[in-house]
>>> print(open('data_24.cif').read())   # mmCIF, C-alpha atoms
data_structure
#
loop_
_atom_site.label_atom_id
_atom_site.label_comp_id
_atom_site.auth_asym_id
_atom_site.auth_seq_id
_atom_site.Cartn_x
_atom_site.Cartn_y
_atom_site.Cartn_z
CA MET F 192 108.90 194.48 -16.02
CA THR F 193 107.42 191.16 -16.98
CA ALA F 194 104.12 189.68 -18.06
CA CYS F 195 103.48 186.14 -16.88
CA GLU F 196 99.75 185.82 -17.48
CA GLY F 197 100.31 183.31 -20.26
CA VAL F 198 102.55 180.97 -18.25
CA LEU F 199 100.98 177.61 -17.43
CA PHE F 200 102.55 175.01 -15.15
CA SER F 201 101.85 171.33 -14.74
CA GLY F 202 103.18 169.16 -11.96
CA SER F 203 102.40 165.91 -13.71
CA SER F 204 105.11 163.29 -13.40
CA ALA F 205 103.97 161.53 -16.54
CA HIS F 206 106.17 161.96 -19.59
CA SER F 207 103.81 162.80 -22.41
CA SER F 208 104.28 163.86 -26.01
CA LEU F 209 104.02 167.55 -26.78
CA ASP F 210 101.26 166.87 -29.27
CA ASN F 211 99.03 165.31 -26.61
CA ALA F 212 95.70 167.04 -26.34
CA ASP F 213 96.12 167.72 -22.61
CA LEU F 214 98.74 170.37 -23.33
CA LYS F 215 96.06 172.45 -25.10
CA GLN F 216 98.69 174.55 -26.82
CA PRO F 217 98.92 175.14 -30.56
CA LEU F 218 102.22 174.23 -32.16
CA ILE F 219 102.27 177.45 -34.16
CA ILE F 220 100.69 180.87 -33.71
CA ASP F 221 101.26 184.13 -35.52
CA ALA F 222 103.85 185.82 -33.30
CA LYS F 223 103.84 189.01 -35.40
CA LEU F 224 107.57 188.75 -36.04
CA PRO F 225 109.50 190.78 -38.61
CA LYS F 226 109.97 189.18 -42.01
CA ALA F 227 112.52 186.37 -41.78
CA THR F 228 116.00 187.18 -43.05
CA THR F 229 117.32 183.63 -42.65
CA THR F 230 115.83 180.15 -43.01
CA ILE F 231 117.75 177.57 -41.00
CA ASP F 232 118.01 174.30 -42.94
CA CYS F 233 117.46 171.69 -40.25
CA ALA F 234 118.78 168.93 -42.51
CA GLN F 235 122.22 170.56 -42.30
CA LEU F 236 122.33 170.58 -38.49
CA THR F 237 124.36 167.87 -36.79
CA PRO F 238 123.66 166.25 -33.38
CA LYS F 239 124.73 168.41 -30.40
CA GLN F 240 125.47 171.37 -32.67
CA ILE F 241 125.26 174.90 -31.25
CA PHE F 242 123.70 177.16 -33.88
CA LYS F 243 124.20 180.94 -33.57
CA VAL F 244 121.04 182.71 -34.69
CA LYS F 245 121.52 185.80 -36.85
CA GLY F 246 118.85 188.34 -37.68
CA HIS F 247 115.27 187.13 -37.87
CA SER F 248 115.49 183.38 -38.40
CA VAL F 249 112.95 180.60 -38.94
CA LEU F 250 113.45 176.85 -39.00
CA SER F 251 112.82 175.18 -42.32
CA ALA F 252 109.50 173.51 -43.08
CA SER F 253 108.98 169.98 -41.73
CA CYS F 254 112.01 170.42 -39.47
CA ASP F 255 112.87 167.34 -37.38
CA LEU F 256 115.10 168.01 -34.37
CA THR F 257 113.94 165.15 -32.16
CA ALA F 258 116.67 163.26 -30.28
CA LYS F 259 119.44 165.47 -31.69
CA SER F 260 120.39 167.73 -28.74
CA ILE F 261 120.58 170.79 -31.02
CA ARG F 262 121.09 174.11 -29.22
CA PHE F 263 120.32 177.64 -30.40
CA GLU F 264 122.03 180.82 -29.18
CA LEU F 265 120.79 184.37 -29.72
CA ASN F 266 123.61 186.84 -29.07
CA ASP F 267 122.53 189.93 -31.02
CA SER F 268 119.99 192.69 -30.53
CA HIS F 269 116.99 192.93 -32.87
CA SER F 270 116.90 189.21 -33.61
CA SER F 271 114.38 186.40 -33.38
CA LEU F 272 113.98 182.64 -33.67
CA ASP F 273 110.73 181.12 -34.90
CA CYS F 274 110.85 177.33 -34.58
CA GLN F 275 107.54 177.04 -36.47
CA GLY F 276 106.25 174.38 -34.10
CA THR F 277 109.38 172.21 -34.14
CA LEU F 278 110.06 169.86 -31.23
CA LEU F 279 113.62 169.96 -29.89
CA SER F 280 114.65 166.97 -27.79
CA THR F 281 117.84 165.42 -26.47
CA ARG F 282 119.68 162.29 -27.52
CA ALA F 283 119.38 159.22 -25.32
CA ASP F 284 123.12 159.39 -24.54
CA ASP F 285 123.06 163.10 -23.64
CA ALA F 286 123.02 163.63 -19.87
CA SER F 287 124.32 167.22 -20.02
CA LYS F 288 122.42 170.10 -18.44
CA VAL F 289 122.81 172.56 -21.30
CA SER F 290 119.89 174.71 -22.43
CA ALA F 291 118.01 174.20 -25.67
CA ILE F 292 117.79 177.95 -26.34
CA ILE F 293 119.99 180.57 -24.71
CA ILE F 294 119.85 184.35 -25.00
CA LYS F 295 123.23 185.74 -23.96
CA PRO F 296 125.48 188.58 -25.18
CA LYS F 297 128.84 187.74 -26.76
CA THR F 298 130.59 190.16 -24.38
CA ASP F 299 129.79 192.11 -21.21
CA SER F 300 127.38 194.39 -23.03
CA ALA F 301 123.62 194.68 -23.24
CA ILE F 302 121.43 193.19 -25.95
CA GLU F 303 117.76 193.98 -26.54
CA ASP F 304 114.68 193.36 -28.67
CA ILE F 305 114.83 189.57 -29.01
CA THR F 306 111.96 187.13 -29.56
CA VAL F 307 111.69 183.34 -29.34
CA ALA F 308 108.47 181.85 -30.70
CA ASN F 309 106.77 178.53 -31.49
CA CYS F 310 109.50 176.35 -29.97
CA HIS F 311 108.62 173.17 -28.04
CA VAL F 312 111.31 171.52 -25.95
CA ASP F 313 111.53 168.07 -24.37
CA GLY F 314 114.46 167.47 -22.01
CA TYR F 315 117.65 169.60 -21.78
CA GLY F 316 118.81 171.42 -18.63
CA HIS F 317 116.49 174.36 -19.36
CA ALA F 318 114.28 174.88 -22.38
CA LEU F 319 115.19 178.58 -22.30
CA HIS F 320 117.93 180.46 -20.43
CA ILE F 321 118.27 184.26 -20.54
CA ARG F 322 121.44 185.61 -18.93
CA GLN F 323 124.32 188.07 -18.99
CA TYR F 324 127.65 187.18 -20.61
CA SER F 325 129.52 186.67 -17.34
CA GLN F 326 128.29 185.06 -14.15
CA PRO F 327 127.34 187.41 -11.28
CA ASN F 328 130.15 186.21 -8.99
CA GLN F 329 132.69 187.01 -11.72
CA ARG F 330 131.34 190.55 -12.08
CA TYR F 331 131.20 191.10 -8.34
CA ALA F 332 134.79 189.85 -7.98
CA ARG F 333 135.84 192.55 -10.47
CA GLY F 334 134.16 195.15 -8.27
CA LEU F 335 131.09 195.54 -10.48
CA ILE F 336 128.54 195.59 -7.68
CA ASP F 337 126.44 198.65 -8.51
CA PRO F 338 122.93 197.45 -9.48
CA ALA F 339 122.53 200.06 -12.21
CA ALA F 340 125.86 199.08 -13.78
CA ASN F 341 124.90 195.40 -13.76
CA ARG F 342 121.48 196.17 -15.18
CA ALA F 343 123.11 198.10 -18.01
CA LEU F 344 124.88 194.89 -19.11
CA ALA F 345 121.80 192.66 -19.01
CA PRO F 346 119.49 191.55 -21.83
CA SER F 347 116.20 193.45 -22.01
CA ASP F 348 113.01 193.65 -24.07
CA ILE F 349 112.76 189.88 -24.50
CA ARG F 350 109.56 188.24 -25.76
CA VAL F 351 108.78 184.54 -25.35
CA ILE F 352 105.72 183.51 -27.37
CA ASN F 353 104.11 180.07 -27.61
CA VAL F 354 107.06 178.18 -26.14
CA SER F 355 106.70 174.98 -24.12
CA SER F 356 109.00 172.92 -21.95
CA GLN F 357 108.60 169.43 -20.57
CA ASN F 358 110.88 167.01 -18.75
CA SER F 359 113.69 169.53 -18.19
CA ILE F 360 116.52 168.44 -15.88
CA ASN F 361 116.42 171.78 -14.05
CA SER F 362 113.81 174.55 -14.27
CA GLY F 363 111.92 174.79 -17.52
CA MET F 364 112.98 178.41 -18.00
CA PHE F 365 115.58 180.52 -16.21
CA VAL F 366 115.93 184.32 -16.25
CA GLY F 367 119.29 185.47 -14.89
CA ASP F 368 120.29 188.40 -12.70
CA HIS F 369 119.35 191.94 -13.74
CA VAL F 370 117.62 190.75 -16.93
CA HIS F 371 114.57 192.98 -17.39
CA GLY F 372 111.66 193.67 -19.69
CA VAL F 373 110.82 190.00 -20.31
CA SER F 374 107.29 189.05 -21.41
CA PHE F 375 105.76 185.58 -21.67
CA ASP F 376 102.73 184.80 -23.81
CA LYS F 377 101.19 181.33 -24.18
CA VAL F 378 104.05 179.57 -22.41
CA ARG F 379 103.66 176.13 -20.85
CA ILE F 380 106.01 174.26 -18.51
CA GLN F 381 105.36 170.63 -17.60
CA ASN F 382 107.23 168.15 -15.42
CA ALA F 383 110.28 170.32 -14.73
CA GLY F 384 113.11 168.67 -12.81
CA THR F 385 113.22 171.42 -10.17
CA VAL F 386 110.69 174.23 -10.54
CA GLY F 387 108.90 175.32 -13.66
CA TYR F 388 110.32 178.79 -13.86
CA ILE F 389 113.09 180.73 -12.09
CA TRP F 390 113.25 184.50 -12.17
CA ASN F 391 116.47 185.51 -10.42
CA LEU F 392 115.57 187.67 -7.42
CA VAL F 393 118.04 190.37 -8.42
CA ALA F 394 116.34 190.57 -11.81
CA ALA F 395 112.97 190.93 -10.16
CA ILE F 396 113.80 193.70 -7.69
CA MET F 397 116.32 195.86 -9.54
#
>>> encode(input="data_24.cif", output="structure tokens")
Amino acid sequence: MTACEGVLFSGSSAHSSLDNADLKQPLIIDAKLPKATTTIDCAQLTPKQIFKVKGHSVLSASCDLTAKSIRFELNDSHSSLDCQGTLLSTRADDASKVSAIIIKPKTDSAIEDITVANCHVDGYGHALHIRQYSQPNQRYARGLIDPAANRALAPSDIRVINVSSQNSINSGMFVGDHVHGVSFDKVRIQNAGTVGYIWNLVAAIM
């Protein structure tokens, strides 16, 4: 179902830079991803932009996304995002609770085989949010209450490799209802606003 052996938490209230030695986490590791099909030119991204990741994407070399509130969305199966050690952080005037990276289908349909690697996030609502297209109360209101039917619409086979979160407004990472087959490797969460990591109970037991 999930592998959490590589998840580290820190309750420190001190705001520290991600390159501080106490994090003891490399900025980049070899995540064994497929060959990149797209290089995202960070110089072309504008503050608060939502970038839709297609295929197997990497951020350009020497990418600087500090204080820009850039967001990435992965909506398709068989896709990946390799930030190559880039730090994503929010603008000083950005008090929103949006997520830095979100994995979510474009419709009420399942997506699978998605990887996020080498991304380091400071601020945002969540560093990473994995969820279905519609909220659970919306599905239940439509009569979609069967666990198997909900599970069939949820993201699965998700890999999170060498990703860190600090100073999030809410939990560092959030896994929504019925999402399954998520693995975490070399993940660190520090100074989350609520808890470090939330795995929706329905996702965990169904």
>>> residues_around(input="data_24.cif", residues="Lys243 in chain F", least_positions_apart="6", cutoff="8 Å", atoms="only C-alpha atoms", output="PDB file with C-alpha atoms, keeping the file's coordinate frame")
ATOM      1  CA  PHE F 263     120.320 177.640 -30.400  1.00  0.00           C
ATOM      2  CA  GLU F 264     122.030 180.820 -29.180  1.00  0.00           C
ATOM      3  CA  LEU F 265     120.790 184.370 -29.720  1.00  0.00           C
ATOM      4  CA  ASN F 266     123.610 186.840 -29.070  1.00  0.00           C
TER       5      ASN F 266
END
>>> closest_residue(input="data_24.cif", among="F:Gly246, F:Pro327, F:Pro238, F:Pro338", to="Asp273 in chain F", atoms="all atoms listed in the file")
F:Gly246
>>> closest_residue(input="data_24.cif", among="F:Ala343, F:Ala258, F:Ile349, F:Leu335", to="Ser270 in chain F", atoms="all atoms listed in the file")
F:Ile349
>>> resolve_selection(input="data_24.cif", expression="the PyMOL selection byres ((chain F and resi 323) around 8)", output="list of chain:residue names")
F:Lys295, F:Pro296, F:Asp299, F:Ala301, F:Ile321, F:Arg322, F:Tyr324, F:Ser325, F:Gln326, F:Leu344, F:Ala345, F:Pro346, F:Gly367, F:Asp368, F:Val370
>>> closest_residue(input="data_24.cif", among="F:Thr230, F:Gly363, F:Thr281, F:Leu218", to="Leu250 in chain F", atoms="only C-alpha atoms")
F:Thr230
>>> atom_distance(input="data_24.cif", atom1="CA of Gln381 in chain F", atom2="CA of Ile231 in chain F")
27.4 Å
>>> closest_residue(input="data_24.cif", among="F:Asp348, F:Ser355, F:Arg342, F:Cys274", to="Ser300 in chain F", atoms="all atoms listed in the file")
F:Arg342
>>> atom_distance(input="data_24.cif", atom1="CA of His317 in chain F", atom2="CA of Asp337 in chain F")
28.4 Å
>>> atom_distance(input="data_24.cif", atom1="CA of Asp284 in chain F", atom2="CA of Gly314 in chain F")
12.1 Å
>>> closest_residue(input="data_24.cif", among="F:Ala283, F:Ala291, F:Cys233, F:Leu272", to="Ser359 in chain F", atoms="all atoms listed in the file")
F:Ala291
>>> closest_residue(input="data_24.cif", among="F:Ser251, F:Ser287, F:Ser374, F:Thr306", to="Asn361 in chain F", atoms="all atoms listed in the file")
F:Ser287
>>> resolve_selection(input="data_24.cif", expression="the PyMOL selection byres ((chain F and resi 247) around 8)", output="list in words")
Pro225, Lys226, Ala227, Thr228, Thr229, Val244, Lys245, Gly246, Ser248, Val249, His269, Ser270, Ser271 and Leu272 of chain F
>>> write_last_selection(input="data_24.cif", atoms="C-alpha atoms", output="short mmCIF file (atom, residue, chain, number, x, y, z; two decimals), in the coordinates of the input")
data_model
loop_
_atom_site.label_atom_id
_atom_site.label_comp_id
_atom_site.auth_asym_id
_atom_site.auth_seq_id
_atom_site.Cartn_x
_atom_site.Cartn_y
_atom_site.Cartn_z
CA PRO F 225 109.50 190.78 -38.61
CA LYS F 226 109.97 189.18 -42.01
CA ALA F 227 112.52 186.37 -41.78
CA THR F 228 116.00 187.18 -43.05
CA THR F 229 117.32 183.63 -42.65
CA VAL F 244 121.04 182.71 -34.69
CA LYS F 245 121.52 185.80 -36.85
CA GLY F 246 118.85 188.34 -37.68
CA SER F 248 115.49 183.38 -38.40
CA VAL F 249 112.95 180.60 -38.94
CA HIS F 269 116.99 192.93 -32.87
CA SER F 270 116.90 189.21 -33.61
CA SER F 271 114.38 186.40 -33.38
CA LEU F 272 113.98 182.64 -33.67
#
>>> residues_around(input="data_24.cif", residues="Tyr315 in chain F", least_positions_apart="2", cutoff="12 Å", atoms="all atoms listed in the file", output="count of residues only")
40
